[in-house]
Number of protein chains: 2
Amino acid sequence: MIQESAKKHGYSESLILNSEYFIKEDLDITHNEILEATNVSHPILKQAASYFFQQSGKKFRPMIILLLNKALQAHQQLRNGKDSELVEKESIMMRKLAEVSEIIHVSTLIHDDILDQSETRRGIKSLHMIMGNKTAVLSGDFLLARASVTLAKLGNVEAVIAISTAIEHLIYGEMLQIAKKEDNDLYDTYMQTIFFKTSSLISNSCKSVGFLTNSPNEIISAAYNFGKHLGIAYQLIDDVLDFTESGTLLGKPSMGADLRQGIATSPVLFAALKYPELEPMIRRKFSEEGDVDRAWKLVSETNAIEKTRDLAITHCKKAVSSILTLEDSPYRAALLGLILRIMERKK
Amino acid sequence: MIQESAKKHGYSESLILNSEYFIKEDLDITHNEILEATNVSHPILKQAASYFFQQSGKKFRPMIILLLNKALQAHQQLRNGKDSELVEKESIMMRKLAEVSEIIHVSTLIHDDILDQSETRRGIKSLHMIMGNKTAVLSGDFLLARASVTLAKLGNVEAVIAISTAIEHLIYGEMLQIAKKEDNDLYDTYMQTIFFKTSSLISNSCKSVGFLTNSPNEIISAAYNFGKHLGIAYQLIDDVLDFTESGTLLGKPSMGADLRQGIATSPVLFAALKYPELEPMIRRKFSEEGDVDRAWKLVSETNAIEKTRDLAITHCKKAVSSILTLEDSPYRAALLGLILRIMERKK
């Protein structure tokens, strides 16, 4: 669908599959600004920050923010014209927002790794494994605080509220994940967790792009929904990949890492609808011997992975329809291309 | 000096020694608002939050914020007149600011207790002792995030920057404290730690009161300096009390708790100027047998406690002179009384 739409509008397939094309310079500047922002005088904090940010990472959040900004600006330009000085001013703010969003993301990864006792992250050792829990807790705190200061300095109260809410959601989501799974509906709780842990930061970042470009409410709402559904789809594809891709492609030890960590993701929860014997295993977080292997087997005997992929596609379509409320532009096409890449990614 | 000044201006001694008098209602409302703000649907977070906030606590930060607001408003009223609706609107904002400041304070206490492996806090068991490290880390994160959202909703970017900076300082201060004490100047580092860990949140809260009351720059600066010196004095008196007051008055196990935790406070650092043999003990955080007793003995053989108290008085005087730039009012007198109480407190 996306490819057809792109072709219909005259954009080459290679363009929409290289979403970075328009924002490469901004992405590079953002990367350097992150290094600068986290280059503090305290040696341990500096080491902790650079440990993460020297890695290149996927920069998924900065990419979305920077592209969405260009798409919103193009939309405004086509509708009412837009002052080029303002465009430049907004672009500087967007790089800061991209920096804030990426730093927040990394700071929660650091805390999550401590809480989940993960040994690796992005293919390298987790920070707490290198520096100990104390330093890792404080480094996460510090990065979060630094991001909050940078965000506040953008001077837009609505963006501050949106991003602060996303931070609250990230923590709430982690809480849901580590909580005892007792009376709650497993699938509903999981979908809430996805929203809180992955989708909220993306959707609230997109909303903030709307605020910072002074967009009208319906465009802010479209930006938010685009980010919301894209974030959910992204996580669902992650869930699928954990069952289908082996090796260290995800920067994780290997296939089935979620299960072994006691986390029941979408495929397991779909499989549980057919095989209720999975429920008690999920509630005890696959803690008994044989649980992980048995769960793996039951998942593969159902169409649960396919159902998860279908659900991801449903959310991708919603993201597409949100973004199509914008005027057509190469940047809008690049955003559509980004959605496509998320669907087709292997890592 | 303070008592004389108060009498000279016709305020009774009992008034200035009961600084809560003017803000009792606001303090009660703030307390209830904190309970409400932290009363979340997640059972563990709710339990964690109420564990702390059901305790009455000293409410030192809310008290300063609420009184300073009244003093600044009285100052403006006397200089240029002030609309009573605006006074009411600001008072509502100040209660929110007081809530934010107290929640931030408590959230860092929770993280500090994990990092310092403290077993008790305010006379009760530390949160991580009750609920485990995971929940305690997340509860601290959550309270911080919730405070940031409440703060952002006040809609004042300068206040958001000030308080975000204070959060960054709190974490930086804890980092300084747990870092290896190698080449740095011990006394300078300690005074920096006091500023980052205690004084910055108070001074930046006071600065925010200035922003929220739309005060001119020189008044904002006076408010900041008042809070800065008050915060330093407060911590120095805390240091003295750790050497002079026994029992559980501070809600800590007993006298000398800092030393036993490996923390060298002002009296030890002053004593080290006379007895250089203390330096290696400080650097190894009193980790060898006999270190704590020996340090205690050396402190008591010097005038280090007196010198610490003198330094606290110096900072109190600076706080007094900052506050005297305001027009005279009962609230200003109450703030002077608060400074006096800090000097004379036994817990």
# chains A, B, ... in the order shown; residues from 1 in each chain; ligands from 1

$ closest_atom_pairs --of "chain A" --to "chain B" --cutoff "10 Å" --atoms "only C-alpha atoms" --output "JSON lines"
{"residue": "A:His42", "atom": "CA", "partner": "B:Leu176", "partner_atom": "CA", "distance": 8.0}
{"residue": "A:Pro43", "atom": "CA", "partner": "B:Ala179", "partner_atom": "CA", "distance": 9.3}
{"residue": "A:Ile44", "atom": "CA", "partner": "B:Ala179", "partner_atom": "CA", "distance": 8.0}
{"residue": "A:Leu45", "atom": "CA", "partner": "B:Met175", "partner_atom": "CA", "distance": 8.1}
{"residue": "A:Thr108", "atom": "CA", "partner": "B:Asp141", "partner_atom": "CA", "distance": 9.8}
{"residue": "A:His111", "atom": "CA", "partner": "B:Val137", "partner_atom": "CA", "distance": 8.3}
{"residue": "A:Asp112", "atom": "CA", "partner": "B:Leu138", "partner_atom": "CA", "distance": 9.5}
{"residue": "A:Ile114", "atom": "CA", "partner": "B:Lys134", "partner_atom": "CA", "distance": 8.3}
{"residue": "A:Leu115", "atom": "CA", "partner": "B:Lys134", "partner_atom": "CA", "distance": 5.7}
{"residue": "A:Asp116", "atom": "CA", "partner": "B:Lys134", "partner_atom": "CA", "distance": 8.9}
{"residue": "A:Asn133", "atom": "CA", "partner": "B:Leu115", "partner_atom": "CA", "distance": 8.5}
{"residue": "A:Lys134", "atom": "CA", "partner": "B:Leu115", "partner_atom": "CA", "distance": 5.7}
{"residue": "A:Thr135", "atom": "CA", "partner": "B:Met175", "partner_atom": "CA", "distance": 7.8}
{"residue": "A:Val137", "atom": "CA", "partner": "B:Val137", "partner_atom": "CA", "distance": 7.8}
{"residue": "A:Leu138", "atom": "CA", "partner": "B:Ile171", "partner_atom": "CA", "distance": 6.5}
{"residue": "A:Ser139", "atom": "CA", "partner": "B:Ile171", "partner_atom": "CA", "distance": 8.5}
{"residue": "A:Gly140", "atom": "CA", "partner": "B:Ile171", "partner_atom": "CA", "distance": 9.8}
{"residue": "A:Asp141", "atom": "CA", "partner": "B:Ile171", "partner_atom": "CA", "distance": 6.8}
{"residue": "A:Phe142", "atom": "CA", "partner": "B:Ile171", "partner_atom": "CA", "distance": 5.9}
{"residue": "A:Leu143", "atom": "CA", "partner": "B:Glu168", "partner_atom": "CA", "distance": 8.6}
{"residue": "A:Leu144", "atom": "CA", "partner": "B:Glu168", "partner_atom": "CA", "distance": 8.4}
{"residue": "A:Ala145", "atom": "CA", "partner": "B:Glu168", "partner_atom": "CA", "distance": 5.0}
{"residue": "A:Arg146", "atom": "CA", "partner": "B:Glu168", "partner_atom": "CA", "distance": 6.3}
{"residue": "A:Ala147", "atom": "CA", "partner": "B:Ser164", "partner_atom": "CA", "distance": 9.1}
{"residue": "A:Ser148", "atom": "CA", "partner": "B:Ser164", "partner_atom": "CA", "distance": 6.1}
{"residue": "A:Val149", "atom": "CA", "partner": "B:Ser164", "partner_atom": "CA", "distance": 5.2}
{"residue": "A:Thr150", "atom": "CA", "partner": "B:Ile161", "partner_atom": "CA", "distance": 8.4}
{"residue": "A:Leu151", "atom": "CA", "partner": "B:Ile161", "partner_atom": "CA", "distance": 8.6}
{"residue": "A:Ala152", "atom": "CA", "partner": "B:Ile161", "partner_atom": "CA", "distance": 5.4}
{"residue": "A:Lys153", "atom": "CA", "partner": "B:Ile161", "partner_atom": "CA", "distance": 6.4}
{"residue": "A:Leu154", "atom": "CA", "partner": "B:Val157", "partner_atom": "CA", "distance": 8.6}
{"residue": "A:Gly155", "atom": "CA", "partner": "B:Val157", "partner_atom": "CA", "distance": 5.6}
{"residue": "A:Asn156", "atom": "CA", "partner": "B:Val157", "partner_atom": "CA", "distance": 7.2}
{"residue": "A:Val157", "atom": "CA", "partner": "B:Gly155", "partner_atom": "CA", "distance": 5.6}
{"residue": "A:Glu158", "atom": "CA", "partner": "B:Ala152", "partner_atom": "CA", "distance": 8.0}
{"residue": "A:Ala159", "atom": "CA", "partner": "B:Ala152", "partner_atom": "CA", "distance": 9.1}
{"residue": "A:Val160", "atom": "CA", "partner": "B:Ala152", "partner_atom": "CA", "distance": 6.0}
{"residue": "A:Ile161", "atom": "CA", "partner": "B:Ala152", "partner_atom": "CA", "distance": 5.3}
{"residue": "A:Ala162", "atom": "CA", "partner": "B:Val149", "partner_atom": "CA", "distance": 8.4}
{"residue": "A:Ile163", "atom": "CA", "partner": "B:Val149", "partner_atom": "CA", "distance": 8.6}
{"residue": "A:Ser164", "atom": "CA", "partner": "B:Val149", "partner_atom": "CA", "distance": 5.2}
{"residue": "A:Thr165", "atom": "CA", "partner": "B:Val149", "partner_atom": "CA", "distance": 6.1}
{"residue": "A:Ala166", "atom": "CA", "partner": "B:Ala145", "partner_atom": "CA", "distance": 8.9}
{"residue": "A:Ile167", "atom": "CA", "partner": "B:Ala145", "partner_atom": "CA", "distance": 6.1}
{"residue": "A:Glu168", "atom": "CA", "partner": "B:Ala145", "partner_atom": "CA", "distance": 5.0}
{"residue": "A:His169", "atom": "CA", "partner": "B:Ala145", "partner_atom": "CA", "distance": 8.8}
{"residue": "A:Leu170", "atom": "CA", "partner": "B:Phe142", "partner_atom": "CA", "distance": 9.0}
{"residue": "A:Ile171", "atom": "CA", "partner": "B:Phe142", "partner_atom": "CA", "distance": 5.9}
{"residue": "A:Tyr172", "atom": "CA", "partner": "B:Phe142", "partner_atom": "CA", "distance": 7.1}
{"residue": "A:Glu174", "atom": "CA", "partner": "B:Leu138", "partner_atom": "CA", "distance": 7.9}
{"residue": "A:Met175", "atom": "CA", "partner": "B:Leu138", "partner_atom": "CA", "distance": 7.0}
{"residue": "A:Leu176", "atom": "CA", "partner": "B:His42", "partner_atom": "CA", "distance": 8.0}
{"residue": "A:Ile178", "atom": "CA", "partner": "B:Lys134", "partner_atom": "CA", "distance": 8.7}
{"residue": "A:Ala179", "atom": "CA", "partner": "B:Ile44", "partner_atom": "CA", "distance": 8.0}
{"residue": "A:Lys180", "atom": "CA", "partner": "B:Ile44", "partner_atom": "CA", "distance": 9.9}

$ calpha_fit_and_write --fixed "chain B" --moving "chain A" --output "compact mmCIF listing (two decimals) with C-alpha atoms, in the first residue's frame"
# COMPACT_ATOMS: atom_id res chain seq x y z
CA MET A 1 20.65 39.52 65.99
CA ILE A 2 17.47 38.15 64.51
CA GLN A 3 15.65 38.35 67.82
CA GLU A 4 16.75 41.94 68.26
CA SER A 5 15.65 42.83 64.75
CA ALA A 6 12.28 41.21 65.35
CA LYS A 7 11.73 43.07 68.59
CA LYS A 8 12.84 46.35 67.04
CA HIS A 9 10.11 45.90 64.43
CA GLY A 10 7.57 45.07 67.07
CA TYR A 11 7.08 41.36 66.43
CA SER A 12 6.80 39.12 69.43
CA GLU A 13 9.41 36.44 69.95
CA SER A 14 6.71 33.79 70.01
CA LEU A 15 5.53 34.86 66.56
CA ILE A 16 8.92 34.54 64.94
CA LEU A 17 9.46 31.20 66.62
CA ASN A 18 6.23 29.88 65.13
CA SER A 19 6.91 30.42 61.47
CA GLU A 20 4.13 28.01 60.49
CA TYR A 21 1.54 30.35 61.97
CA PHE A 22 0.79 32.15 58.70
CA ILE A 23 0.89 29.15 56.44
CA LYS A 24 -0.65 26.40 58.52
CA GLU A 25 -3.67 26.07 56.26
CA ASP A 26 -1.53 26.09 53.11
CA LEU A 27 0.78 23.48 54.62
CA ASP A 28 -2.18 21.24 55.41
CA ILE A 29 -3.59 21.63 51.92
CA THR A 30 -0.15 20.89 50.45
CA HIS A 31 0.09 17.76 52.56
CA ASN A 32 -3.28 16.57 51.25
CA GLU A 33 -2.36 17.48 47.68
CA ILE A 34 0.81 15.41 47.96
CA LEU A 35 -1.23 12.43 49.15
CA GLU A 36 -3.62 12.96 46.26
CA ALA A 37 -0.87 13.42 43.66
CA THR A 38 0.85 10.21 44.69
CA ASN A 39 -2.36 8.23 45.11
CA VAL A 40 -2.01 6.30 41.86
CA SER A 41 -3.82 3.26 40.59
CA HIS A 42 -0.75 1.03 40.68
CA PRO A 43 -0.83 -0.75 44.07
CA ILE A 44 2.93 -0.96 44.60
CA LEU A 45 3.59 2.67 43.67
CA LYS A 46 0.70 3.74 45.85
CA GLN A 47 2.07 1.80 48.79
CA ALA A 48 5.56 3.20 48.24
CA ALA A 49 4.36 6.78 48.04
CA SER A 50 2.02 6.61 51.00
CA TYR A 51 4.74 4.89 53.03
CA PHE A 52 6.65 8.14 52.90
CA PHE A 53 4.01 10.79 52.73
CA GLN A 54 1.75 9.47 55.46
CA GLN A 55 4.63 10.34 57.78
CA SER A 56 4.39 13.94 58.72
CA GLY A 57 8.05 14.86 58.08
CA LYS A 58 9.58 18.25 58.75
CA LYS A 59 8.12 19.81 55.58
CA PHE A 60 11.03 22.18 55.61
CA ARG A 61 10.91 22.93 51.87
CA PRO A 62 7.14 23.57 51.66
CA MET A 63 7.38 25.84 54.68
CA ILE A 64 10.11 27.98 53.11
CA ILE A 65 8.30 28.21 49.77
CA LEU A 66 4.93 29.14 51.25
CA LEU A 67 6.36 31.72 53.66
CA LEU A 68 8.66 33.25 51.05
CA ASN A 69 5.71 33.61 48.70
CA LYS A 70 3.78 35.55 51.33
CA ALA A 71 6.81 37.73 52.07
CA LEU A 72 7.33 38.49 48.36
CA GLN A 73 3.64 39.26 47.89
CA ALA A 74 3.66 41.57 50.92
CA HIS A 75 6.74 43.28 49.51
CA GLN A 76 4.97 43.86 46.19
CA GLN A 77 1.80 44.99 47.93
CA LEU A 78 3.74 47.62 49.90
CA ARG A 79 5.73 48.81 46.89
CA ASN A 80 3.15 48.88 44.09
CA GLY A 81 -0.06 47.38 45.43
CA LYS A 82 -1.17 43.94 44.33
CA ASP A 83 -4.44 42.57 43.00
CA SER A 84 -6.05 40.18 45.49
CA GLU A 85 -7.14 37.79 42.75
CA LEU A 86 -3.53 37.51 41.60
CA VAL A 87 -2.45 36.89 45.21
CA GLU A 88 -4.92 34.00 45.41
CA LYS A 89 -3.83 32.59 42.01
CA GLU A 90 -0.17 32.71 43.05
CA SER A 91 -0.94 31.04 46.36
CA ILE A 92 -2.46 28.08 44.53
CA MET A 93 0.65 27.83 42.32
CA MET A 94 2.91 28.03 45.38
CA ARG A 95 1.19 25.06 47.00
CA LYS A 96 1.91 23.11 43.81
CA LEU A 97 5.53 24.25 43.88
CA ALA A 98 5.76 23.21 47.53
CA GLU A 99 4.33 19.81 46.58
CA VAL A 100 6.85 19.46 43.72
CA SER A 101 9.80 20.39 45.92
CA GLU A 102 8.82 17.98 48.71
CA ILE A 103 8.17 15.11 46.27
CA ILE A 104 11.54 15.67 44.57
CA HIS A 105 13.22 15.72 47.97
CA VAL A 106 11.60 12.44 49.01
CA SER A 107 12.34 10.75 45.69
CA THR A 108 16.04 11.48 46.07
CA LEU A 109 15.95 10.24 49.67
CA ILE A 110 14.60 6.93 48.35
CA HIS A 111 17.40 6.60 45.77
CA ASP A 112 20.06 7.77 48.22
CA ASP A 113 18.97 5.16 50.75
CA ILE A 114 19.42 2.44 48.13
CA LEU A 115 22.81 3.76 47.10
CA ASP A 116 24.02 4.25 50.68
CA GLN A 117 22.40 0.98 51.79
CA SER A 118 20.78 2.85 54.68
CA GLU A 119 18.48 0.73 56.76
CA THR A 120 16.34 3.48 58.22
CA ARG A 121 15.06 6.91 57.26
CA ARG A 122 13.11 9.37 59.39
CA GLY A 123 13.05 6.75 62.10
CA ILE A 124 11.30 4.15 59.97
CA LYS A 125 12.70 1.39 57.76
CA SER A 126 14.00 2.56 54.36
CA LEU A 127 11.72 1.83 51.43
CA HIS A 128 14.20 -0.53 49.76
CA MET A 129 14.37 -2.55 52.98
CA ILE A 130 10.59 -3.04 52.83
CA MET A 131 9.98 -3.40 49.12
CA GLY A 132 13.28 -4.37 47.59
CA ASN A 133 15.64 -2.36 45.41
CA LYS A 134 13.68 -2.71 42.17
CA THR A 135 10.51 -1.21 43.52
CA ALA A 136 12.41 1.47 45.39
CA VAL A 137 14.35 2.56 42.26
CA LEU A 138 11.13 2.73 40.26
CA SER A 139 9.22 4.50 43.02
CA GLY A 140 11.89 7.17 43.18
CA ASP A 141 11.80 7.51 39.38
CA PHE A 142 8.05 7.67 39.42
CA LEU A 143 7.81 10.37 42.09
CA LEU A 144 10.37 12.44 40.21
CA ALA A 145 8.42 12.10 36.97
CA ARG A 146 5.16 12.97 38.67
CA ALA A 147 6.74 16.07 40.20
CA SER A 148 8.05 17.09 36.76
CA VAL A 149 4.57 16.83 35.25
CA THR A 150 3.02 18.90 38.07
CA LEU A 151 5.80 21.46 37.70
CA ALA A 152 5.40 21.70 33.93
CA LYS A 153 1.67 22.30 34.36
CA LEU A 154 2.43 25.48 36.33
CA GLY A 155 3.32 26.86 32.91
CA ASN A 156 6.38 28.86 33.94
CA VAL A 157 9.40 27.92 31.85
CA GLU A 158 11.91 29.67 34.11
CA ALA A 159 10.66 27.75 37.15
CA VAL A 160 10.90 24.51 35.17
CA ILE A 161 14.51 25.29 34.24
CA ALA A 162 15.37 26.18 37.86
CA ILE A 163 13.85 23.03 39.36
CA SER A 164 15.22 20.76 36.60
CA THR A 165 18.66 22.19 37.31
CA ALA A 166 18.16 21.41 41.01
CA ILE A 167 17.29 17.79 40.15
CA GLU A 168 20.47 17.55 38.08
CA HIS A 169 22.42 18.96 41.04
CA LEU A 170 20.90 16.45 43.47
CA ILE A 171 22.14 13.58 41.34
CA TYR A 172 25.48 15.18 40.69
CA GLY A 173 25.89 15.67 44.44
CA GLU A 174 25.16 12.03 45.18
CA MET A 175 27.69 11.11 42.50
CA LEU A 176 30.34 13.31 44.14
CA GLN A 177 29.58 11.66 47.47
CA ILE A 178 29.93 8.07 46.32
CA ALA A 179 32.90 8.76 44.02
CA LYS A 180 36.37 7.67 45.02
CA LYS A 181 38.08 10.46 46.90
CA GLU A 182 41.35 10.72 45.06
CA ASP A 183 43.10 13.89 43.98
CA ASN A 184 40.42 16.37 44.89
CA ASP A 185 40.48 18.90 47.69
CA LEU A 186 38.37 17.24 50.37
CA TYR A 187 36.89 20.36 51.92
CA ASP A 188 36.02 22.05 48.63
CA THR A 189 34.42 18.88 47.34
CA TYR A 190 32.38 18.57 50.52
CA MET A 191 31.09 22.14 50.30
CA GLN A 192 30.15 21.49 46.66
CA THR A 193 28.33 18.36 47.75
CA ILE A 194 26.34 20.35 50.32
CA PHE A 195 25.35 22.84 47.68
CA PHE A 196 24.33 20.16 45.18
CA LYS A 197 22.59 17.83 47.63
CA THR A 198 20.81 20.23 49.98
CA SER A 199 21.11 23.86 49.03
CA SER A 200 20.35 23.73 45.31
CA LEU A 201 16.78 22.43 45.61
CA ILE A 202 15.99 25.02 48.30
CA SER A 203 17.63 27.93 46.48
CA ASN A 204 16.11 27.00 43.12
CA SER A 205 12.70 26.59 44.78
CA CYS A 206 13.07 30.09 46.24
CA LYS A 207 14.14 31.38 42.83
CA SER A 208 11.01 29.78 41.38
CA VAL A 209 8.85 31.57 43.96
CA GLY A 210 10.41 34.73 42.54
CA PHE A 211 9.55 33.74 38.97
CA LEU A 212 6.01 32.69 39.85
CA THR A 213 5.33 36.00 41.62
CA ASN A 214 6.75 37.89 38.65
CA SER A 215 9.31 39.55 40.87
CA PRO A 216 12.07 41.78 39.46
CA ASN A 217 15.57 40.34 38.99
CA GLU A 218 17.09 41.76 42.18
CA ILE A 219 14.33 40.19 44.28
CA ILE A 220 14.69 36.84 42.46
CA SER A 221 18.38 37.01 43.16
CA ALA A 222 17.78 37.81 46.86
CA ALA A 223 15.32 34.90 47.08
CA TYR A 224 17.89 32.57 45.52
CA ASN A 225 20.67 33.68 47.87
CA PHE A 226 18.40 33.40 50.89
CA GLY A 227 17.64 29.77 49.93
CA LYS A 228 21.24 29.01 49.07
CA HIS A 229 22.68 30.12 52.40
CA LEU A 230 19.79 28.75 54.41
CA GLY A 231 20.29 25.36 52.75
CA ILE A 232 24.02 25.31 53.45
CA ALA A 233 23.45 26.38 57.08
CA TYR A 234 20.78 23.69 57.47
CA GLN A 235 23.17 20.97 56.35
CA LEU A 236 26.05 22.26 58.50
CA ILE A 237 23.79 22.16 61.57
CA ASP A 238 22.81 18.62 60.56
CA ASP A 239 26.53 17.79 60.55
CA VAL A 240 26.95 19.25 64.03
CA LEU A 241 23.93 17.36 65.37
CA ASP A 242 25.38 14.09 64.11
CA PHE A 243 28.23 14.66 66.57
CA THR A 244 26.28 16.14 69.46
CA GLU A 245 22.81 14.62 69.63
CA SER A 246 22.31 11.02 70.58
CA GLY A 247 19.34 8.71 70.16
CA THR A 248 16.94 8.69 67.25
CA LEU A 249 16.23 12.41 67.18
CA LEU A 250 17.30 12.66 63.57
CA GLY A 251 15.34 9.56 62.65
CA LYS A 252 18.70 7.87 62.25
CA PRO A 253 20.02 4.92 64.27
CA SER A 254 22.08 7.15 66.59
CA MET A 255 24.93 9.59 66.91
CA GLY A 256 27.82 9.35 64.44
CA ALA A 257 25.73 7.79 61.69
CA ASP A 258 27.51 9.75 58.96
CA LEU A 259 30.94 8.54 60.03
CA ARG A 260 29.78 4.95 60.19
CA GLN A 261 28.41 5.30 56.66
CA GLY A 262 31.85 6.44 55.54
CA ILE A 263 30.77 10.04 55.04
CA ALA A 264 33.16 12.74 56.20
CA THR A 265 31.15 15.84 57.07
CA SER A 266 32.29 19.31 58.02
CA PRO A 267 33.54 18.62 61.60
CA VAL A 268 35.81 15.80 60.38
CA LEU A 269 37.12 17.90 57.54
CA PHE A 270 37.90 20.80 59.90
CA ALA A 271 39.59 18.37 62.31
CA ALA A 272 41.71 17.05 59.42
CA LEU A 273 43.30 20.49 59.10
CA LYS A 274 44.82 19.97 62.54
CA TYR A 275 45.29 16.19 62.35
CA PRO A 276 46.42 15.23 58.83
CA GLU A 277 46.23 11.54 59.79
CA LEU A 278 42.47 11.88 59.22
CA GLU A 279 42.98 12.41 55.48
CA PRO A 280 43.74 8.81 54.49
CA MET A 281 40.86 7.63 56.71
CA ILE A 282 38.50 10.03 54.94
CA ARG A 283 39.73 8.85 51.53
CA ARG A 284 39.17 5.22 52.43
CA LYS A 285 35.78 6.16 53.91
CA PHE A 286 36.64 4.96 57.42
CA SER A 287 36.64 1.41 56.12
CA GLU A 288 39.43 0.00 58.32
CA GLU A 289 38.79 -1.23 61.82
CA GLY A 290 39.13 1.51 64.41
CA ASP A 291 38.83 4.33 61.84
CA VAL A 292 35.44 5.51 63.09
CA ASP A 293 36.47 5.58 66.77
CA ARG A 294 39.78 7.26 66.01
CA ALA A 295 38.11 9.92 63.84
CA TRP A 296 35.52 10.57 66.55
CA LYS A 297 38.25 11.04 69.10
CA LEU A 298 40.27 13.42 66.90
CA VAL A 299 37.19 15.53 66.15
CA SER A 300 36.45 15.88 69.86
CA GLU A 301 40.04 16.98 70.53
CA THR A 302 39.67 19.98 68.21
CA ASN A 303 37.25 22.89 67.99
CA ALA A 304 35.93 21.45 64.71
CA ILE A 305 32.32 21.26 65.87
CA GLU A 306 32.43 24.86 67.01
CA LYS A 307 34.01 25.89 63.69
CA THR A 308 31.23 24.12 61.82
CA ARG A 309 28.62 25.92 63.89
CA ASP A 310 30.40 29.23 63.22
CA LEU A 311 30.34 28.55 59.50
CA ALA A 312 26.61 27.80 59.75
CA ILE A 313 26.10 31.13 61.52
CA THR A 314 28.00 32.93 58.75
CA HIS A 315 25.63 31.42 56.18
CA CYS A 316 22.61 32.24 58.33
CA LYS A 317 23.71 35.86 58.44
CA LYS A 318 23.96 35.92 54.65
CA ALA A 319 20.45 34.45 54.46
CA VAL A 320 19.23 37.16 56.84
CA SER A 321 20.80 39.95 54.86
CA SER A 322 19.24 38.61 51.63
CA ILE A 323 15.79 38.52 53.20
CA LEU A 324 16.18 42.02 54.66
CA THR A 325 16.16 43.43 51.10
CA LEU A 326 12.41 42.77 51.22
CA GLU A 327 10.00 45.26 52.69
CA ASP A 328 9.18 44.55 56.33
CA SER A 329 6.13 42.36 56.95
CA PRO A 330 5.01 39.72 59.46
CA TYR A 331 5.98 37.12 56.83
CA ARG A 332 9.47 38.52 56.53
CA ALA A 333 9.69 38.33 60.33
CA ALA A 334 8.51 34.73 60.19
CA LEU A 335 11.26 33.92 57.66
CA LEU A 336 13.82 35.46 60.02
CA GLY A 337 12.30 33.32 62.75
CA LEU A 338 12.74 30.27 60.55
CA ILE A 339 16.43 31.02 60.15
CA LEU A 340 16.72 31.28 63.91
CA ARG A 341 14.97 27.98 64.43
CA ILE A 342 17.34 26.28 62.03
CA MET A 343 20.28 27.54 64.03
CA GLU A 344 18.77 26.35 67.29
CA ARG A 345 17.25 23.08 66.22
CA LYS A 346 18.11 19.89 68.04
CA LYS A 347 16.75 17.49 65.45

$ decode --residues "stretch 320-345 of chain B" --atoms "C-alpha atoms" --output "short mmCIF file (atom, residue, chain, number, x, y, z; two decimals), in the first residue's frame"
data_model
loop_
_atom_site.label_atom_id
_atom_site.label_comp_id
_atom_site.auth_asym_id
_atom_site.auth_seq_id
_atom_site.Cartn_x
_atom_site.Cartn_y
_atom_site.Cartn_z
CA VAL B 320 19.24 37.16 56.86
CA SER B 321 20.80 39.96 54.86
CA SER B 322 19.23 38.62 51.64
CA ILE B 323 15.79 38.53 53.20
CA LEU B 324 16.17 42.03 54.64
CA THR B 325 16.15 43.43 51.10
CA LEU B 326 12.40 42.78 51.20
CA GLU B 327 9.97 45.29 52.69
CA ASP B 328 9.17 44.58 56.33
CA SER B 329 6.13 42.38 56.95
CA PRO B 330 5.00 39.73 59.45
CA TYR B 331 5.97 37.14 56.84
CA ARG B 332 9.46 38.54 56.53
CA ALA B 333 9.69 38.34 60.32
CA ALA B 334 8.51 34.74 60.19
CA LEU B 335 11.26 33.94 57.66
CA LEU B 336 13.82 35.48 60.00
CA GLY B 337 12.32 33.33 62.75
CA LEU B 338 12.74 30.29 60.55
CA ILE B 339 16.45 31.03 60.14
CA LEU B 340 16.73 31.31 63.91
CA ARG B 341 14.98 27.99 64.43
CA ILE B 342 17.34 26.29 62.03
CA MET B 343 20.28 27.55 64.04
CA GLU B 344 18.77 26.37 67.29
CA ARG B 345 17.24 23.10 66.21
#
